[in-house]
$ cat run.cif   # mmCIF, C-alpha atoms
data_final
loop_
_atom_site.label_atom_id
_atom_site.label_comp_id
_atom_site.auth_asym_id
_atom_site.auth_seq_id
_atom_site.Cartn_x
_atom_site.Cartn_y
_atom_site.Cartn_z
CA MET A 1 -22.14 11.08 -14.59
CA ALA A 2 -24.65 13.36 -16.33
CA MET A 3 -23.32 16.32 -18.32
CA ALA A 4 -25.09 18.90 -16.13
CA GLU A 5 -23.61 17.32 -12.99
CA LEU A 6 -20.16 17.25 -14.59
CA MET A 7 -20.39 20.93 -15.57
CA ALA A 8 -21.47 21.85 -12.02
CA LEU A 9 -18.43 20.02 -10.60
CA ILE A 10 -16.08 21.77 -13.02
CA SER A 11 -17.65 25.11 -12.07
CA LYS A 12 -17.10 24.36 -8.36
CA ALA A 13 -13.49 23.38 -9.03
CA LEU A 14 -12.91 26.65 -10.89
CA ASP A 15 -14.54 28.64 -8.09
CA CYS A 16 -12.37 26.91 -5.48
CA ALA A 17 -9.19 27.53 -7.46
CA LEU A 18 -10.02 31.20 -7.91
CA ALA A 19 -10.87 31.58 -4.23
CA LEU A 20 -7.57 29.98 -3.23
CA GLU A 21 -5.69 32.22 -5.62
CA SER A 22 -7.40 35.35 -4.28
CA GLY A 23 -6.56 34.13 -0.77
CA GLY A 24 -2.87 34.44 -1.60
CA ILE A 25 -1.58 30.93 -2.17
CA ASN A 26 1.69 30.62 -4.10
CA GLU A 27 0.90 27.45 -6.05
CA LEU A 28 -1.85 24.88 -6.36
CA VAL A 29 -1.79 21.11 -6.72
CA VAL A 30 -4.92 19.76 -8.39
CA HIS A 31 -6.01 16.16 -8.27
CA ALA A 32 -9.14 16.31 -10.37
CA ARG A 33 -11.38 13.80 -8.72
CA THR A 34 -14.50 14.06 -6.63
CA LYS A 35 -15.26 12.68 -3.19
CA ALA A 36 -17.59 10.17 -4.87
CA ASP A 37 -14.71 8.99 -7.09
CA GLY A 38 -12.73 7.88 -4.05
CA TYR A 39 -9.65 6.00 -5.23
CA LYS A 40 -11.20 4.75 -8.45
CA PRO A 41 -8.88 5.24 -11.41
CA VAL A 42 -10.70 8.27 -12.77
CA ARG A 43 -8.63 10.58 -14.94
CA ARG A 44 -10.03 14.05 -15.35
CA TRP A 45 -6.81 15.73 -16.39
CA GLU A 46 -8.77 18.06 -18.66
CA TRP A 47 -10.24 19.64 -15.49
CA VAL A 48 -6.73 20.64 -14.52
CA ALA A 49 -6.35 22.31 -17.91
CA ARG A 50 -9.59 24.25 -17.32
CA ILE A 51 -8.33 25.43 -13.94
CA ARG A 52 -5.00 26.36 -15.49
CA GLU A 53 -6.88 28.62 -17.92
CA VAL A 54 -8.42 30.70 -15.11
CA VAL A 55 -5.66 31.00 -12.49
CA LYS A 56 -2.36 32.79 -12.89
CA LEU A 57 -0.41 30.95 -10.19
CA PRO A 58 1.77 27.89 -10.78
CA LEU A 59 -0.39 24.80 -11.11
CA ILE A 60 0.75 21.24 -10.44
CA ALA A 61 -1.21 18.36 -11.95
CA ASN A 62 -1.84 15.20 -9.94
CA GLY A 63 -3.79 12.00 -10.31
CA GLU A 64 -3.38 8.46 -11.59
CA VAL A 65 0.24 8.78 -12.70
CA TRP A 66 1.55 5.23 -12.54
CA THR A 67 4.01 5.17 -15.47
CA VAL A 68 6.28 7.38 -17.56
CA ALA A 69 3.58 7.31 -20.25
CA ASP A 70 1.03 8.59 -17.71
CA TRP A 71 3.41 11.42 -16.80
CA HIS A 72 3.66 12.47 -20.44
CA ALA A 73 -0.12 12.15 -20.87
CA ILE A 74 -1.04 14.24 -17.80
CA ARG A 75 1.35 16.99 -18.88
CA ALA A 76 -0.16 17.01 -22.36
CA ALA A 77 -3.78 16.94 -21.16
CA SER A 78 -3.34 19.49 -18.36
CA GLY A 79 -0.80 21.82 -19.92
CA CYS A 80 1.15 21.71 -16.65
CA ASP A 81 4.92 21.42 -16.55
CA ASP A 82 4.88 20.11 -13.00
CA VAL A 83 3.31 16.84 -11.89
CA MET A 84 2.93 15.45 -8.39
CA LEU A 85 3.35 11.71 -7.98
CA GLY A 86 1.25 9.91 -5.40
CA ARG A 87 0.37 6.23 -5.27
CA GLY A 88 2.29 5.68 -8.51
CA ALA A 89 5.54 6.50 -6.70
CA VAL A 90 4.59 4.14 -3.87
CA ALA A 91 3.80 1.36 -6.35
CA ASP A 92 7.06 2.00 -8.19
CA PRO A 93 9.66 3.60 -5.93
CA LEU A 94 11.83 4.13 -9.01
CA LEU A 95 9.15 6.01 -10.99
CA ALA A 96 10.66 9.47 -10.47
CA ARG A 97 13.98 8.19 -11.79
CA ARG A 98 12.26 6.59 -14.78
CA ILE A 99 10.56 9.91 -15.53
CA ARG A 100 13.79 11.86 -15.14
CA CYS A 101 15.50 9.46 -17.57
CA SER A 102 12.37 9.29 -19.75
CA ALA A 103 12.70 5.52 -19.80
CA GLU A 104 9.72 3.17 -19.49
CA ALA A 105 11.95 0.14 -18.99
CA GLU A 106 10.59 -3.07 -17.58
CA PRO A 107 11.74 -3.67 -14.02
CA ASN A 108 14.80 -5.87 -13.72
CA ASP A 109 16.66 -7.74 -11.00
CA ASP A 110 18.86 -4.73 -10.21
CA ASP A 111 15.74 -2.61 -9.67
CA TRP A 112 14.33 -5.21 -7.31
CA ARG A 113 17.58 -5.45 -5.33
CA GLU A 114 17.45 -1.68 -4.85
CA ILE A 115 13.83 -1.92 -3.75
CA GLU A 116 14.64 -4.78 -1.38
CA ALA A 117 17.09 -2.45 0.38
CA MET A 118 14.30 0.15 0.63
CA LEU A 119 11.95 -2.50 2.01
CA GLY A 120 14.53 -3.52 4.61
CA ASP A 121 15.00 0.09 5.73
CA PHE A 122 11.25 0.66 5.77
CA TRP A 123 10.61 -2.46 7.82
CA THR A 124 13.31 -1.55 10.34
CA ARG A 125 11.69 1.86 10.84
CA VAL A 126 8.18 0.43 11.04
CA GLU A 127 9.28 -2.05 13.68
CA ARG A 128 10.71 0.78 15.78
CA LYS A 129 7.54 2.89 15.64
CA VAL A 130 4.53 0.62 15.23
CA LEU A 131 3.09 -2.00 17.55
CA PRO A 132 3.95 -5.59 16.55
CA ALA A 133 0.27 -6.42 15.90
CA GLN A 134 -0.08 -3.46 13.52
CA SER A 135 3.27 -3.37 11.75
CA PRO A 136 2.67 -6.19 9.22
CA GLY A 137 -0.18 -4.23 7.62
CA ARG A 138 2.15 -1.38 6.69
CA LEU A 139 4.46 -3.67 4.75
CA LYS A 140 1.60 -5.61 3.17
CA GLN A 141 0.01 -2.40 1.94
CA TRP A 142 3.21 -1.31 0.23
CA LEU A 143 3.82 -4.74 -1.28
CA GLY A 144 0.20 -4.80 -2.44
CA LEU A 145 0.72 -1.60 -4.43
CA MET A 146 4.07 -2.73 -5.82
CA GLN A 147 2.48 -5.90 -7.22
CA ARG A 148 1.29 -3.77 -10.15
CA ARG A 149 4.84 -3.59 -11.47
CA TYR A 150 7.03 -6.09 -9.63
CA PRO A 151 6.32 -9.84 -9.64
CA GLN A 152 8.84 -10.16 -6.80
CA ALA A 153 6.56 -7.95 -4.67
CA GLU A 154 3.65 -10.28 -5.39
CA ARG A 155 5.70 -13.29 -4.33
CA LEU A 156 6.89 -11.55 -1.16
CA PHE A 157 3.36 -10.39 -0.40
CA GLN A 158 2.10 -13.98 -0.64
CA THR A 159 4.90 -15.06 1.70
CA VAL A 160 4.10 -12.47 4.41
CA ARG A 161 0.34 -12.39 3.84
CA GLU A 162 -0.57 -14.72 6.71
CA ALA A 163 1.90 -13.22 9.21
CA ARG A 164 0.06 -11.37 11.98
CA LEU A 165 2.89 -10.04 14.15
CA GLY A 166 6.03 -8.03 13.45
CA PRO A 167 8.49 -10.68 14.62
CA GLU A 168 6.93 -13.19 12.20
CA VAL A 169 7.42 -10.76 9.33
CA SER A 170 10.99 -10.01 10.43
CA ALA A 171 11.79 -13.71 10.33
CA ILE A 172 10.29 -14.05 6.85
CA LEU A 173 12.13 -10.98 5.54
CA GLN A 174 15.36 -12.29 7.00
CA ARG A 175 14.78 -15.72 5.42
CA GLU A 176 14.03 -14.02 2.07
CA GLY A 177 17.22 -11.93 2.29
CA VAL A 178 15.38 -8.60 2.51
CA ILE A 179 16.92 -7.77 5.88
CA ALA A 180 20.32 -8.95 7.05
CA LYS A 181 20.47 -11.08 10.17
CA SER A 182 22.33 -8.31 12.02
CA ARG A 183 19.51 -5.84 11.20
CA ALA A 184 16.60 -8.14 12.02
CA VAL A 185 14.31 -6.79 14.70
CA ALA A 186 13.00 -9.53 16.96
#
$ encode --input "run.cif" --output "structure tokens"
Amino acid sequence: MAMAELMALISKALDCALALESGGINELVVHARTKADGYKPVRRWEWVARIREVVKLPLIANGEVWTVADWHAIRAASGCDDVMLGRGAVADPLLARRIRCSAEAEPNDDDWREIEAMLGDFWTRVERKVLPAQSPGRLKQWLGLMQRRYPQAERLFQTVREARLGPEVSAILQREGVIAKSRAVA
């Protein structure tokens, strides 16, 4: 991205933040990315710092926080005390706890057992609300994100990858011990 284009985008971001502030909002969450960036891993945390310099309202930084180290880095780069977690919290459901404990520990079997319980609850709810032909995609999407941190998620994803209907996935999750037989949705 050319410097002139980058400066124009920063100027627009500042204008938007000031307009929102003058409109009476109480706080602002800023994920400093452009429409063209899409979901690419672009980190423009310094834009958040620029916005923080011009607005007086509480500002919350957001964007590409996948680890405890990222959380520390976004706070340092943006000057914000508060950080919103997005896909990072989906990829690691225990990320908020890791941040709270300030521990960048490698995932262990106890972590995965806790996540398996979350997966079982999630699947039960998905099965109740989503058509059988569409429900597998919800689980696959979550497992796909968790593969970043959990090898168990990668293995489970490979196991359910070919399943096309909810009952097939339920049977696999039951066989894998993710959902108890009494909770399985057929």
$ residues_around --input "run.cif" --residues "Arg52 of chain A" --least-positions-apart "5" --cutoff "8 Å" --atoms "all atoms listed in the file" --output "VMD selection string"
chain A and resid 59 78 to 80
$ write_last_selection --input "run.cif" --atoms "C-alpha atoms" --output "compact mmCIF listing (two decimals), in the frame of the given file"
# COMPACT_ATOMS: atom_id res chain seq x y z
CA LEU A 59 -0.39 24.80 -11.11
CA SER A 78 -3.34 19.49 -18.36
CA GLY A 79 -0.80 21.82 -19.92
CA CYS A 80 1.15 21.71 -16.65
$ residues_around --input "run.cif" --residues "segment 92-107 of chain A" --least-positions-apart "3" --cutoff "12 Å" --atoms "only C-alpha atoms" --output "PyMOL selection string"
chain A and resi 65-72+82-89+110-119+142-153
$ write_last_selection --input "run.cif" --atoms "C-alpha atoms" --output "short mmCIF file (atom, residue, chain, number, x, y, z; two decimals), in the frame of the given file"
data_model
loop_
_atom_site.label_atom_id
_atom_site.label_comp_id
_atom_site.auth_asym_id
_atom_site.auth_seq_id
_atom_site.Cartn_x
_atom_site.Cartn_y
_atom_site.Cartn_z
CA VAL A 65 0.24 8.78 -12.70
CA TRP A 66 1.55 5.23 -12.54
CA THR A 67 4.01 5.17 -15.47
CA VAL A 68 6.28 7.38 -17.56
CA ALA A 69 3.58 7.31 -20.25
CA ASP A 70 1.03 8.59 -17.71
CA TRP A 71 3.41 11.42 -16.80
CA HIS A 72 3.66 12.47 -20.44
CA ASP A 82 4.88 20.11 -13.00
CA VAL A 83 3.31 16.84 -11.89
CA MET A 84 2.93 15.45 -8.39
CA LEU A 85 3.35 11.71 -7.98
CA GLY A 86 1.25 9.91 -5.40
CA ARG A 87 0.37 6.23 -5.27
CA GLY A 88 2.29 5.68 -8.51
CA ALA A 89 5.54 6.50 -6.70
CA ASP A 110 18.86 -4.73 -10.21
CA ASP A 111 15.74 -2.61 -9.67
CA TRP A 112 14.33 -5.21 -7.31
CA ARG A 113 17.58 -5.45 -5.33
CA GLU A 114 17.45 -1.68 -4.85
CA ILE A 115 13.83 -1.92 -3.75
CA GLU A 116 14.64 -4.78 -1.38
CA ALA A 117 17.09 -2.45 0.38
CA MET A 118 14.30 0.15 0.63
CA LEU A 119 11.95 -2.50 2.01
CA TRP A 142 3.21 -1.31 0.23
CA LEU A 143 3.82 -4.74 -1.28
CA GLY A 144 0.20 -4.80 -2.44
CA LEU A 145 0.72 -1.60 -4.43
CA MET A 146 4.07 -2.73 -5.82
CA GLN A 147 2.48 -5.90 -7.22
CA ARG A 148 1.29 -3.77 -10.15
CA ARG A 149 4.84 -3.59 -11.47
CA TYR A 150 7.03 -6.09 -9.63
CA PRO A 151 6.32 -9.84 -9.64
CA GLN A 152 8.84 -10.16 -6.80
CA ALA A 153 6.56 -7.95 -4.67
#
$ resolve_selection --input "run.cif" --expression "the PyMOL selection byres ((chain A and resi 29) around 8)" --output "list in words"
Glu27, Leu28, Val30, His31, Leu59, Ile60, Ala61, Asn62 and Met84 of chain A
$ resolve_selection --input "run.cif" --expression "the PyMOL selection byres ((chain A and resi 135) around 12)" --output "number ranges by chain"
A: 122-134, 136-142, 160, 163-170, 185
$ write_last_selection --input "run.cif" --atoms "C-alpha atoms" --output "compact mmCIF listing (two decimals), keeping the file's coordinate frame"
# COMPACT_ATOMS: atom_id res chain seq x y z
CA PHE A 122 11.25 0.66 5.77
CA TRP A 123 10.61 -2.46 7.82
CA THR A 124 13.31 -1.55 10.34
CA ARG A 125 11.69 1.86 10.84
CA VAL A 126 8.18 0.43 11.04
CA GLU A 127 9.28 -2.05 13.68
CA ARG A 128 10.71 0.78 15.78
CA LYS A 129 7.54 2.89 15.64
CA VAL A 130 4.53 0.62 15.23
CA LEU A 131 3.09 -2.00 17.55
CA PRO A 132 3.95 -5.59 16.55
CA ALA A 133 0.27 -6.42 15.90
CA GLN A 134 -0.08 -3.46 13.52
CA PRO A 136 2.67 -6.19 9.22
CA GLY A 137 -0.18 -4.23 7.62
CA ARG A 138 2.15 -1.38 6.69
CA LEU A 139 4.46 -3.67 4.75
CA LYS A 140 1.60 -5.61 3.17
CA GLN A 141 0.01 -2.40 1.94
CA TRP A 142 3.21 -1.31 0.23
CA VAL A 160 4.10 -12.47 4.41
CA ALA A 163 1.90 -13.22 9.21
CA ARG A 164 0.06 -11.37 11.98
CA LEU A 165 2.89 -10.04 14.15
CA GLY A 166 6.03 -8.03 13.45
CA PRO A 167 8.49 -10.68 14.62
CA GLU A 168 6.93 -13.19 12.20
CA VAL A 169 7.42 -10.76 9.33
CA SER A 170 10.99 -10.01 10.43
CA VAL A 185 14.31 -6.79 14.70
$ resolve_selection --input "run.cif" --expression "the PyMOL selection byres ((chain A and resi 26) around 10)" --output "list in words"
Leu20, Glu21, Gly23, Gly24, Ile25, Glu27, Leu28, Lys56, Leu57, Pro58 and Leu59 of chain A
$ residues_around --input "run.cif" --residues "Ala32 of chain A" --least-positions-apart "4" --cutoff "9 Å" --atoms "all atoms listed in the file" --output "PyMOL selection string"
chain A and resi 13+42-48+61-63
$ atom_distance --input "run.cif" --atom1 "atom CA of Ala91 of chain A" --atom2 "atom CA of Glu64 of chain A"
11.4 Å
$ closest_residue --input "run.cif" --among "A:Val54, A:Ala171, A:Ala19, A:Leu9" --to "Ala36 of chain A" --atoms "all atoms listed in the file"
A:Leu9
$ atom_distance --input "run.cif" --atom1 "atom CA of Asp81 of chain A" --atom2 "atom CA of Ala8 of chain A"
26.8 Å
$ axis_aligned_box --input "run.cif" --around "segment 71-86 of chain A" --padding-each-side "4 Å" --output "lines of an AutoDock Vina configuration file"
center_x = 0.6
center_y = 15.9
center_z = -13.9
size_x = 16.7
size_y = 19.9
size_z = 25.0
$ atom_distance --input "run.cif" --atom1 "atom CA of Ser22 of chain A" --atom2 "atom CA of Gly38 of chain A"
28.0 Å
$ closest_residue --input "run.cif" --among "A:Val55, A:Pro41, A:Thr34, A:Glu5" --to "Ala17 of chain A" --atoms "all atoms listed in the file"
A:Val55
$ build_atoms --input "run.cif" --residues "segment 18-45 of chain A" --atoms "N, CA and C atoms" --output "compact mmCIF listing (two decimals), in the coordinates of the input"
# COMPACT_ATOMS: atom_id res chain seq x y z
N LEU A 18 -10.07 29.74 -7.93
CA LEU A 18 -10.02 31.20 -7.91
C LEU A 18 -10.04 31.75 -6.49
N ALA A 19 -10.82 31.14 -5.63
CA ALA A 19 -10.87 31.58 -4.23
C ALA A 19 -9.52 31.37 -3.55
N LEU A 20 -8.89 30.24 -3.80
CA LEU A 20 -7.57 29.98 -3.23
C LEU A 20 -6.54 30.97 -3.75
N GLU A 21 -6.61 31.25 -5.03
CA GLU A 21 -5.69 32.22 -5.62
C GLU A 21 -5.89 33.60 -4.99
N SER A 22 -7.14 34.02 -4.86
CA SER A 22 -7.40 35.35 -4.28
C SER A 22 -7.04 35.38 -2.80
N GLY A 23 -6.98 34.22 -2.17
CA GLY A 23 -6.56 34.13 -0.77
C GLY A 23 -5.06 34.23 -0.58
N GLY A 24 -4.31 34.20 -1.69
CA GLY A 24 -2.87 34.44 -1.60
C GLY A 24 -1.96 33.24 -1.67
N ILE A 25 -2.48 32.09 -2.08
CA ILE A 25 -1.58 30.93 -2.17
C ILE A 25 -0.54 31.16 -3.26
N ASN A 26 0.59 30.46 -3.14
CA ASN A 26 1.69 30.62 -4.10
C ASN A 26 1.62 29.64 -5.26
N GLU A 27 1.05 28.46 -5.01
CA GLU A 27 0.90 27.45 -6.05
C GLU A 27 -0.22 26.52 -5.64
N LEU A 28 -0.69 25.74 -6.61
CA LEU A 28 -1.85 24.88 -6.36
C LEU A 28 -1.62 23.52 -7.00
N VAL A 29 -1.82 22.48 -6.21
CA VAL A 29 -1.79 21.11 -6.72
C VAL A 29 -3.23 20.67 -6.91
N VAL A 30 -3.55 20.17 -8.10
CA VAL A 30 -4.92 19.76 -8.39
C VAL A 30 -4.96 18.29 -8.76
N HIS A 31 -5.72 17.55 -7.96
CA HIS A 31 -6.01 16.16 -8.27
C HIS A 31 -7.49 16.15 -8.63
N ALA A 32 -7.78 16.12 -9.88
CA ALA A 32 -9.14 16.31 -10.37
C ALA A 32 -9.97 15.04 -10.21
N ARG A 33 -10.45 14.88 -9.00
CA ARG A 33 -11.38 13.80 -8.72
C ARG A 33 -12.35 14.31 -7.67
N THR A 34 -13.48 13.66 -7.59
CA THR A 34 -14.50 14.06 -6.63
C THR A 34 -14.46 13.13 -5.42
N LYS A 35 -15.15 13.52 -4.37
CA LYS A 35 -15.26 12.68 -3.19
C LYS A 35 -15.90 11.34 -3.57
N ALA A 36 -16.90 11.39 -4.44
CA ALA A 36 -17.59 10.17 -4.87
C ALA A 36 -16.66 9.24 -5.65
N ASP A 37 -15.66 9.81 -6.34
CA ASP A 37 -14.71 8.99 -7.09
C ASP A 37 -13.88 8.11 -6.17
N GLY A 38 -13.61 8.61 -4.97
CA GLY A 38 -12.73 7.88 -4.05
C GLY A 38 -11.40 7.59 -4.72
N TYR A 39 -10.93 6.37 -4.62
CA TYR A 39 -9.65 6.00 -5.23
C TYR A 39 -9.83 5.23 -6.54
N LYS A 40 -11.00 5.38 -7.14
CA LYS A 40 -11.20 4.75 -8.45
C LYS A 40 -10.25 5.40 -9.45
N PRO A 41 -9.82 4.67 -10.44
CA PRO A 41 -8.88 5.24 -11.41
C PRO A 41 -9.55 6.17 -12.42
N VAL A 42 -10.07 7.27 -11.90
CA VAL A 42 -10.70 8.27 -12.77
C VAL A 42 -9.64 9.28 -13.17
N ARG A 43 -9.59 9.59 -14.44
CA ARG A 43 -8.63 10.58 -14.94
C ARG A 43 -9.41 11.74 -15.54
N ARG A 44 -9.38 12.84 -14.83
CA ARG A 44 -10.03 14.05 -15.35
C ARG A 44 -8.97 15.14 -15.53
N TRP A 45 -7.92 14.80 -16.21
CA TRP A 45 -6.81 15.73 -16.39
C TRP A 45 -7.24 16.98 -17.14
